[in-house]
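As structure tokens, the structure follows; a few thoughts come after it.
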Amino acid sequence: MSQELDQLAASFGDNDAQVDLSDTLPEAWLALLLFFSLGLTVFYQFITRYVFNDSAAWTEEVARYLLIGTVFTGAVIGVAKNNHIQVDFFYRFMSPAVSRALSLFTDVLRIGFLASASILTWMLMQKMGSYQMTVVDLPMNLVYGVVLLAFVLMTLRSLGVLRRHWRQGHSVLERPENM
């Protein structure tokens, strides 16, 4: 009976491998913090609305802004890991030279787009000036600052992805099996 229990415990993952978080990106920790804050805010909203029948007005607005921060910080992780949606179907039918050139062009285009988005977000923040949030008495530029930071980080991470693709001689578009 004891041997059967040991086998059953082992099948439930009693002997799992050690978890190594040393390669976790700093952006992932920030996204986790924002997501956890979002969860606490929504939980507080739920309790005040359905338990105490007196909803806290600020929670809806703060939850919206925390969700924005979580999404944009998560996008930085996607860029860093090069996990965004991509179509590699046509690369299979191109010559290696055309495929390589188009892959590098895609990387450069992504950097250009994200750098432009960073500049446009900065310009928007300048125009917003001292505009305040609706319910919470804080500047809206806090939200746009997180978006700006995310765009700048995505631009920098895209430069790293381009450098990695250049060094290894191919990208995931050219060789999706190496993903």
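Please note that chains go A, B, ... in the order of the structure tokens, that every chain numbers its residues from 1, and that ligands are numbered from 1 in the order shown.
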
Quick one: pick out all alpha helix (DSSP H) residues within range 125-178 of chain A from a backbone DSSP run and write them as an MDAnalysis selection string. chainID A and resid 125:128 141:168

Those same residues, written as a CSV table (one decimal), in the first residue's frame with N, CA, C and O atoms?
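Dumped to again24.csv:
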chain,number,residue,atom,x,y,z
A,125,MET,N,2.0,63.6,-24.5
A,125,MET,CA,2.2,63.9,-23.1
A,125,MET,C,2.5,65.4,-23.0
A,125,MET,O,2.0,66.0,-22.0
A,126,GLN,N,3.2,66.0,-23.9
A,126,GLN,CA,3.5,67.4,-23.9
A,126,GLN,C,2.2,68.2,-24.1
A,126,GLN,O,2.0,69.3,-23.4
A,127,LYS,N,1.3,67.7,-24.9
A,127,LYS,CA,0.0,68.4,-25.2
A,127,LYS,C,-1.0,68.3,-24.0
A,127,LYS,O,-1.8,69.1,-23.8
A,128,MET,N,-0.9,67.1,-23.3
A,128,MET,CA,-1.8,66.9,-22.2
A,128,MET,C,-1.5,67.8,-21.1
A,128,MET,O,-2.5,68.2,-20.3
A,141,ASN,N,-0.7,62.0,-17.2
A,141,ASN,CA,0.6,61.7,-17.8
A,141,ASN,C,1.3,60.5,-17.0
A,141,ASN,O,2.2,60.0,-17.5
A,142,LEU,N,0.7,60.2,-15.9
A,142,LEU,CA,1.2,58.9,-15.2
A,142,LEU,C,0.9,57.7,-16.1
A,142,LEU,O,1.8,56.9,-16.3
A,143,VAL,N,-0.3,57.7,-16.6
A,143,VAL,CA,-0.7,56.6,-17.5
A,143,VAL,C,0.1,56.6,-18.8
A,143,VAL,O,0.7,55.6,-19.2
A,144,TYR,N,0.2,57.8,-19.4
A,144,TYR,CA,0.9,57.9,-20.6
A,144,TYR,C,2.4,57.7,-20.4
A,144,TYR,O,3.1,57.3,-21.3
A,145,GLY,N,2.9,58.0,-19.2
A,145,GLY,CA,4.3,57.7,-18.9
A,145,GLY,C,4.6,56.3,-18.9
A,145,GLY,O,5.7,55.8,-19.4
A,146,VAL,N,3.7,55.5,-18.4
A,146,VAL,CA,3.9,54.0,-18.5
A,146,VAL,C,3.9,53.5,-19.9
A,146,VAL,O,4.7,52.7,-20.3
A,147,VAL,N,3.0,54.1,-20.7
A,147,VAL,CA,2.9,53.7,-22.1
A,147,VAL,C,4.2,54.1,-22.9
A,147,VAL,O,4.7,53.4,-23.7
A,148,LEU,N,4.7,55.3,-22.6
A,148,LEU,CA,5.9,55.8,-23.2
A,148,LEU,C,7.1,54.9,-22.8
A,148,LEU,O,7.9,54.5,-23.6
A,149,LEU,N,7.2,54.6,-21.5
A,149,LEU,CA,8.2,53.7,-21.1
A,149,LEU,C,8.2,52.4,-21.8
A,149,LEU,O,9.2,51.8,-22.2
A,150,ALA,N,7.0,51.8,-21.9
A,150,ALA,CA,6.8,50.6,-22.6
A,150,ALA,C,7.2,50.7,-24.1
A,150,ALA,O,7.9,49.8,-24.6
A,151,PHE,N,6.9,51.7,-24.8
A,151,PHE,CA,7.3,51.9,-26.2
A,151,PHE,C,8.8,52.0,-26.3
A,151,PHE,O,9.4,51.5,-27.2
A,152,VAL,N,9.4,52.8,-25.4
A,152,VAL,CA,10.9,52.9,-25.4
A,152,VAL,C,11.5,51.6,-25.1
A,152,VAL,O,12.5,51.2,-25.8
A,153,LEU,N,11.0,50.8,-24.2
A,153,LEU,CA,11.6,49.5,-23.9
A,153,LEU,C,11.4,48.5,-25.1
A,153,LEU,O,12.3,47.7,-25.4
A,154,MET,N,10.2,48.6,-25.7
A,154,MET,CA,10.0,47.8,-26.9
A,154,MET,C,11.0,48.1,-28.0
A,154,MET,O,11.5,47.2,-28.7
A,155,THR,N,11.2,49.4,-28.2
A,155,THR,CA,12.2,49.8,-29.2
A,155,THR,C,13.6,49.3,-28.9
A,155,THR,O,14.3,48.7,-29.7
A,156,LEU,N,14.0,49.4,-27.6
A,156,LEU,CA,15.3,48.9,-27.2
A,156,LEU,C,15.4,47.4,-27.3
A,156,LEU,O,16.4,46.8,-27.8
A,157,ARG,N,14.3,46.7,-26.9
A,157,ARG,CA,14.3,45.2,-27.1
A,157,ARG,C,14.3,44.8,-28.5
A,157,ARG,O,14.9,43.8,-28.9
A,158,SER,N,13.6,45.6,-29.4
A,158,SER,CA,13.6,45.3,-30.8
A,158,SER,C,15.0,45.4,-31.4
A,158,SER,O,15.4,44.7,-32.3
A,159,LEU,N,15.8,46.4,-30.9
A,159,LEU,CA,17.2,46.5,-31.4
A,159,LEU,C,18.0,45.3,-31.0
A,159,LEU,O,18.8,44.8,-31.7
A,160,GLY,N,17.7,44.8,-29.8
A,160,GLY,CA,18.4,43.5,-29.3
A,160,GLY,C,18.0,42.4,-30.2
A,160,GLY,O,18.8,41.5,-30.5
A,161,VAL,N,16.7,42.3,-30.5
A,161,VAL,CA,16.2,41.2,-31.4
A,161,VAL,C,16.9,41.3,-32.8
A,161,VAL,O,17.4,40.3,-33.3
A,162,LEU,N,17.0,42.5,-33.3
A,162,LEU,CA,17.7,42.7,-34.6
A,162,LEU,C,19.1,42.2,-34.5
A,162,LEU,O,19.7,41.5,-35.4
A,163,ARG,N,19.8,42.6,-33.4
A,163,ARG,CA,21.2,42.2,-33.3
A,163,ARG,C,21.3,40.7,-33.1
A,163,ARG,O,22.2,40.1,-33.7
A,164,ARG,N,20.4,40.1,-32.4
A,164,ARG,CA,20.4,38.6,-32.3
A,164,ARG,C,20.2,37.9,-33.6
A,164,ARG,O,20.9,37.0,-34.0
A,165,HIS,N,19.3,38.4,-34.4
A,165,HIS,CA,19.0,37.8,-35.7
A,165,HIS,C,20.2,38.0,-36.6
A,165,HIS,O,20.5,37.1,-37.4
A,166,TRP,N,20.9,39.2,-36.5
A,166,TRP,CA,22.0,39.4,-37.4
A,166,TRP,C,23.2,38.5,-37.0
A,166,TRP,O,23.8,37.9,-37.9
A,167,ARG,N,23.4,38.3,-35.7
A,167,ARG,CA,24.5,37.4,-35.3
A,167,ARG,C,24.3,35.9,-35.6
A,167,ARG,O,25.2,35.2,-36.0
A,168,GLN,N,23.0,35.5,-35.5
A,168,GLN,CA,22.8,34.0,-35.7
A,168,GLN,C,22.5,33.8,-37.2
A,168,GLN,O,22.5,32.6,-37.6

Could you check the closest approach to Ile47 in chain A for each of A:Phe35, A:Ser103, A:Thr59, A:Gln132 and tell me which residue wins, using only C-alpha atoms?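 For Ile47 in chain A, the nearest of the given residues is A:Thr59.
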
Residues near Ser99 in chain A, cut-off 12 Å, only C-alpha atoms, skip fewer than 4 positions along chain, as a list in words: Asp88, Phe89, Phe90, Tyr91, Arg92, Phe93, Met94, Ser95, Ser103, Leu104, Phe105, Thr106, Gly169, His170, Ser171, Val172, Leu173, Glu174 and Arg175 of chain A

Give me a file of those residues, with N, CA and C atoms, as an mmCIF file, in the first residue's frame.
data_model
loop_
_atom_site.group_PDB
_atom_site.id
_atom_site.type_symbol
_atom_site.label_atom_id
_atom_site.label_comp_id
_atom_site.auth_asym_id
_atom_site.auth_seq_id
_atom_site.Cartn_x
_atom_site.Cartn_y
_atom_site.Cartn_z
ATOM 1 N N ASP A 88 4.876 33.361 -41.348
ATOM 2 C CA ASP A 88 6.101 32.857 -41.964
ATOM 3 C C ASP A 88 5.833 31.939 -43.156
ATOM 4 N N PHE A 89 4.576 31.867 -43.575
ATOM 5 C CA PHE A 89 4.195 30.963 -44.659
ATOM 6 C C PHE A 89 4.952 31.276 -45.953
ATOM 7 N N PHE A 90 4.985 32.556 -46.332
ATOM 8 C CA PHE A 90 5.601 32.936 -47.611
ATOM 9 C C PHE A 90 7.123 32.794 -47.592
ATOM 10 N N TYR A 91 7.712 32.843 -46.422
ATOM 11 C CA TYR A 91 9.166 32.704 -46.321
ATOM 12 C C TYR A 91 9.624 31.317 -46.770
ATOM 13 N N ARG A 92 8.755 30.351 -46.701
ATOM 14 C CA ARG A 92 9.105 28.989 -47.117
ATOM 15 C C ARG A 92 9.293 28.871 -48.628
ATOM 16 N N PHE A 93 8.676 29.783 -49.376
ATOM 17 C CA PHE A 93 8.719 29.721 -50.833
ATOM 18 C C PHE A 93 9.695 30.725 -51.446
ATOM 19 N N MET A 94 10.332 31.538 -50.625
ATOM 20 C CA MET A 94 11.286 32.535 -51.120
ATOM 21 C C MET A 94 12.691 31.955 -51.126
ATOM 22 N N SER A 95 13.514 32.575 -51.933
ATOM 23 C CA SER A 95 14.927 32.183 -51.917
ATOM 24 C C SER A 95 15.525 32.638 -50.583
ATOM 25 N N SER A 103 13.297 39.536 -43.864
ATOM 26 C CA SER A 103 13.308 39.357 -42.421
ATOM 27 C C SER A 103 14.003 40.530 -41.731
ATOM 28 N N LEU A 104 15.143 40.951 -42.264
ATOM 29 C CA LEU A 104 15.840 42.107 -41.692
ATOM 30 C C LEU A 104 15.023 43.382 -41.863
ATOM 31 N N PHE A 105 14.356 43.519 -43.009
ATOM 32 C CA PHE A 105 13.494 44.678 -43.234
ATOM 33 C C PHE A 105 12.354 44.705 -42.214
ATOM 34 N N THR A 106 11.808 43.547 -41.896
ATOM 35 C CA THR A 106 10.742 43.449 -40.904
ATOM 36 C C THR A 106 11.238 43.915 -39.533
ATOM 37 N N GLY A 169 22.369 34.816 -38.000
ATOM 38 C CA GLY A 169 22.260 34.644 -39.445
ATOM 39 C C GLY A 169 20.870 34.310 -39.944
ATOM 40 N N HIS A 170 19.882 34.303 -39.081
ATOM 41 C CA HIS A 170 18.499 34.034 -39.478
ATOM 42 C C HIS A 170 17.561 34.504 -38.377
ATOM 43 N N SER A 171 16.307 34.633 -38.741
ATOM 44 C CA SER A 171 15.283 34.961 -37.748
ATOM 45 C C SER A 171 14.282 33.814 -37.696
ATOM 46 N N VAL A 172 13.339 33.931 -36.799
ATOM 47 C CA VAL A 172 12.309 32.904 -36.668
ATOM 48 C C VAL A 172 11.403 32.895 -37.901
ATOM 49 N N LEU A 173 11.348 34.014 -38.621
ATOM 50 C CA LEU A 173 10.558 34.029 -39.853
ATOM 51 C C LEU A 173 11.165 33.102 -40.896
ATOM 52 N N GLU A 174 12.487 33.091 -40.956
ATOM 53 C CA GLU A 174 13.165 32.256 -41.941
ATOM 54 C C GLU A 174 13.201 30.786 -41.514
ATOM 55 N N ARG A 175 13.359 30.567 -40.249
ATOM 56 C CA ARG A 175 13.447 29.193 -39.717
ATOM 57 C C ARG A 175 12.527 29.049 -38.509
#

Which is closer to Ala80 in chain A than all the others in A:Leu25, A:Leu138, A:Val98, A:Ala117, using only C-alpha atoms? A:Leu25

Could you pull the residues within 8 Å of range 30-33 of chain A, counting only C-alpha atoms, minus those fewer than 5 positions along the same chain, as a list of chain:residue names?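 The neighbour list is A:Gly69, A:Thr70, A:Thr73, A:Gly74.
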
Grab the residues selected above and save them as an mmCIF file, in the first residue's frame with all heavy atoms.
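Listed below is the output, result24.cif:
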data_model
loop_
_atom_site.group_PDB
_atom_site.id
_atom_site.type_symbol
_atom_site.label_atom_id
_atom_site.label_comp_id
_atom_site.auth_asym_id
_atom_site.auth_seq_id
_atom_site.Cartn_x
_atom_site.Cartn_y
_atom_site.Cartn_z
ATOM 1 N N GLY A 69 -1.446 49.523 -18.254
ATOM 2 C CA GLY A 69 -0.049 49.284 -17.898
ATOM 3 C C GLY A 69 0.350 47.834 -18.036
ATOM 4 O O GLY A 69 1.437 47.518 -18.533
ATOM 5 N N THR A 70 -0.539 46.931 -17.638
ATOM 6 C CA THR A 70 -0.257 45.499 -17.753
ATOM 7 C C THR A 70 -0.108 45.076 -19.205
ATOM 8 O O THR A 70 0.811 44.337 -19.566
ATOM 9 C CB THR A 70 -1.378 44.675 -17.080
ATOM 10 O OG1 THR A 70 -1.498 45.082 -15.717
ATOM 11 C CG2 THR A 70 -1.091 43.192 -17.137
ATOM 12 N N THR A 73 3.165 46.611 -20.728
ATOM 13 C CA THR A 73 4.337 45.951 -20.162
ATOM 14 C C THR A 73 4.442 44.522 -20.701
ATOM 15 O O THR A 73 5.535 44.045 -20.990
ATOM 16 C CB THR A 73 4.255 45.935 -18.626
ATOM 17 O OG1 THR A 73 3.998 47.259 -18.165
ATOM 18 C CG2 THR A 73 5.542 45.452 -18.014
ATOM 19 N N GLY A 74 3.311 43.868 -20.861
ATOM 20 C CA GLY A 74 3.313 42.535 -21.470
ATOM 21 C C GLY A 74 3.779 42.565 -22.908
ATOM 22 O O GLY A 74 4.437 41.631 -23.383
#

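Our summary of the geometry notes that CA of His84 in chain A is positioned 12.1 Å from CA of Asp107 in chain A.
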
CA of Leu38 in chain A and CA of Val62 in chain A are how many Å apart?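 Interatomic distance here is 8.1 Å.
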
With the cut-off set at 12 Å and counting only C-alpha atoms, tabulate each residue of range 64-143 of chain A with an atom at most that distance from an atom of range 39-43 of chain A, showing the nearest atom pair and its distance in Å to one decimal, ordered by chain and increasing number, as a tab-separated table.
residue	atom	partner	partner_atom	distance
A:Arg64	CA	A:Val42	CA	9.9
A:Tyr65	CA	A:Thr41	CA	11.0
A:Leu66	CA	A:Thr41	CA	9.0
A:Leu67	CA	A:Gly39	CA	9.7
A:Thr70	CA	A:Gly39	CA	11.1

Kindly export the residues of the current selection with all heavy atoms, as a PDB file, in the first residue's frame.
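Final output, selection.pdb:
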ATOM      1  N   ARG A  64      -8.843  50.346 -14.916  1.00  0.00           N
ATOM      2  CA  ARG A  64      -8.642  50.586 -16.350  1.00  0.00           C
ATOM      3  C   ARG A  64      -7.187  50.959 -16.630  1.00  0.00           C
ATOM      4  O   ARG A  64      -6.559  50.437 -17.554  1.00  0.00           O
ATOM      5  CB  ARG A  64      -9.581  51.686 -16.828  1.00  0.00           C
ATOM      6  CG  ARG A  64      -9.526  51.959 -18.300  1.00  0.00           C
ATOM      7  CD  ARG A  64     -10.477  53.068 -18.739  1.00  0.00           C
ATOM      8  NE  ARG A  64     -11.768  53.015 -18.074  1.00  0.00           N
ATOM      9  CZ  ARG A  64     -12.258  54.017 -17.333  1.00  0.00           C
ATOM     10  NH1 ARG A  64     -11.584  55.124 -17.168  1.00  0.00           N
ATOM     11  NH2 ARG A  64     -13.440  53.899 -16.766  1.00  0.00           N
ATOM     12  N   TYR A  65      -6.636  51.845 -15.815  1.00  0.00           N
ATOM     13  CA  TYR A  65      -5.262  52.290 -16.038  1.00  0.00           C
ATOM     14  C   TYR A  65      -4.248  51.201 -15.700  1.00  0.00           C
ATOM     15  O   TYR A  65      -3.208  51.089 -16.359  1.00  0.00           O
ATOM     16  CB  TYR A  65      -4.989  53.564 -15.246  1.00  0.00           C
ATOM     17  CG  TYR A  65      -5.876  54.710 -15.662  1.00  0.00           C
ATOM     18  CD1 TYR A  65      -6.345  55.622 -14.725  1.00  0.00           C
ATOM     19  CD2 TYR A  65      -6.273  54.882 -16.984  1.00  0.00           C
ATOM     20  CE1 TYR A  65      -7.171  56.678 -15.099  1.00  0.00           C
ATOM     21  CE2 TYR A  65      -7.098  55.922 -17.360  1.00  0.00           C
ATOM     22  CZ  TYR A  65      -7.551  56.813 -16.423  1.00  0.00           C
ATOM     23  OH  TYR A  65      -8.370  57.849 -16.798  1.00  0.00           O
ATOM     24  N   LEU A  66      -4.533  50.395 -14.702  1.00  0.00           N
ATOM     25  CA  LEU A  66      -3.652  49.268 -14.398  1.00  0.00           C
ATOM     26  C   LEU A  66      -3.678  48.231 -15.516  1.00  0.00           C
ATOM     27  O   LEU A  66      -2.654  47.620 -15.824  1.00  0.00           O
ATOM     28  CB  LEU A  66      -4.044  48.627 -13.066  1.00  0.00           C
ATOM     29  CG  LEU A  66      -3.690  49.429 -11.818  1.00  0.00           C
ATOM     30  CD1 LEU A  66      -4.333  48.803 -10.577  1.00  0.00           C
ATOM     31  CD2 LEU A  66      -2.182  49.523 -11.643  1.00  0.00           C
ATOM     32  N   LEU A  67      -4.846  48.039 -16.132  1.00  0.00           N
ATOM     33  CA  LEU A  67      -4.936  47.122 -17.266  1.00  0.00           C
ATOM     34  C   LEU A  67      -4.113  47.639 -18.445  1.00  0.00           C
ATOM     35  O   LEU A  67      -3.414  46.869 -19.111  1.00  0.00           O
ATOM     36  CB  LEU A  67      -6.398  46.925 -17.678  1.00  0.00           C
ATOM     37  CG  LEU A  67      -6.644  45.968 -18.841  1.00  0.00           C
ATOM     38  CD1 LEU A  67      -6.131  44.574 -18.523  1.00  0.00           C
ATOM     39  CD2 LEU A  67      -8.120  45.930 -19.181  1.00  0.00           C
ATOM     40  N   THR A  70      -0.539  46.931 -17.638  1.00  0.00           N
ATOM     41  CA  THR A  70      -0.257  45.499 -17.753  1.00  0.00           C
ATOM     42  C   THR A  70      -0.108  45.076 -19.205  1.00  0.00           C
ATOM     43  O   THR A  70       0.811  44.337 -19.566  1.00  0.00           O
ATOM     44  CB  THR A  70      -1.378  44.675 -17.080  1.00  0.00           C
ATOM     45  OG1 THR A  70      -1.498  45.082 -15.717  1.00  0.00           O
ATOM     46  CG2 THR A  70      -1.091  43.192 -17.137  1.00  0.00           C
TER      47      THR A  70
END
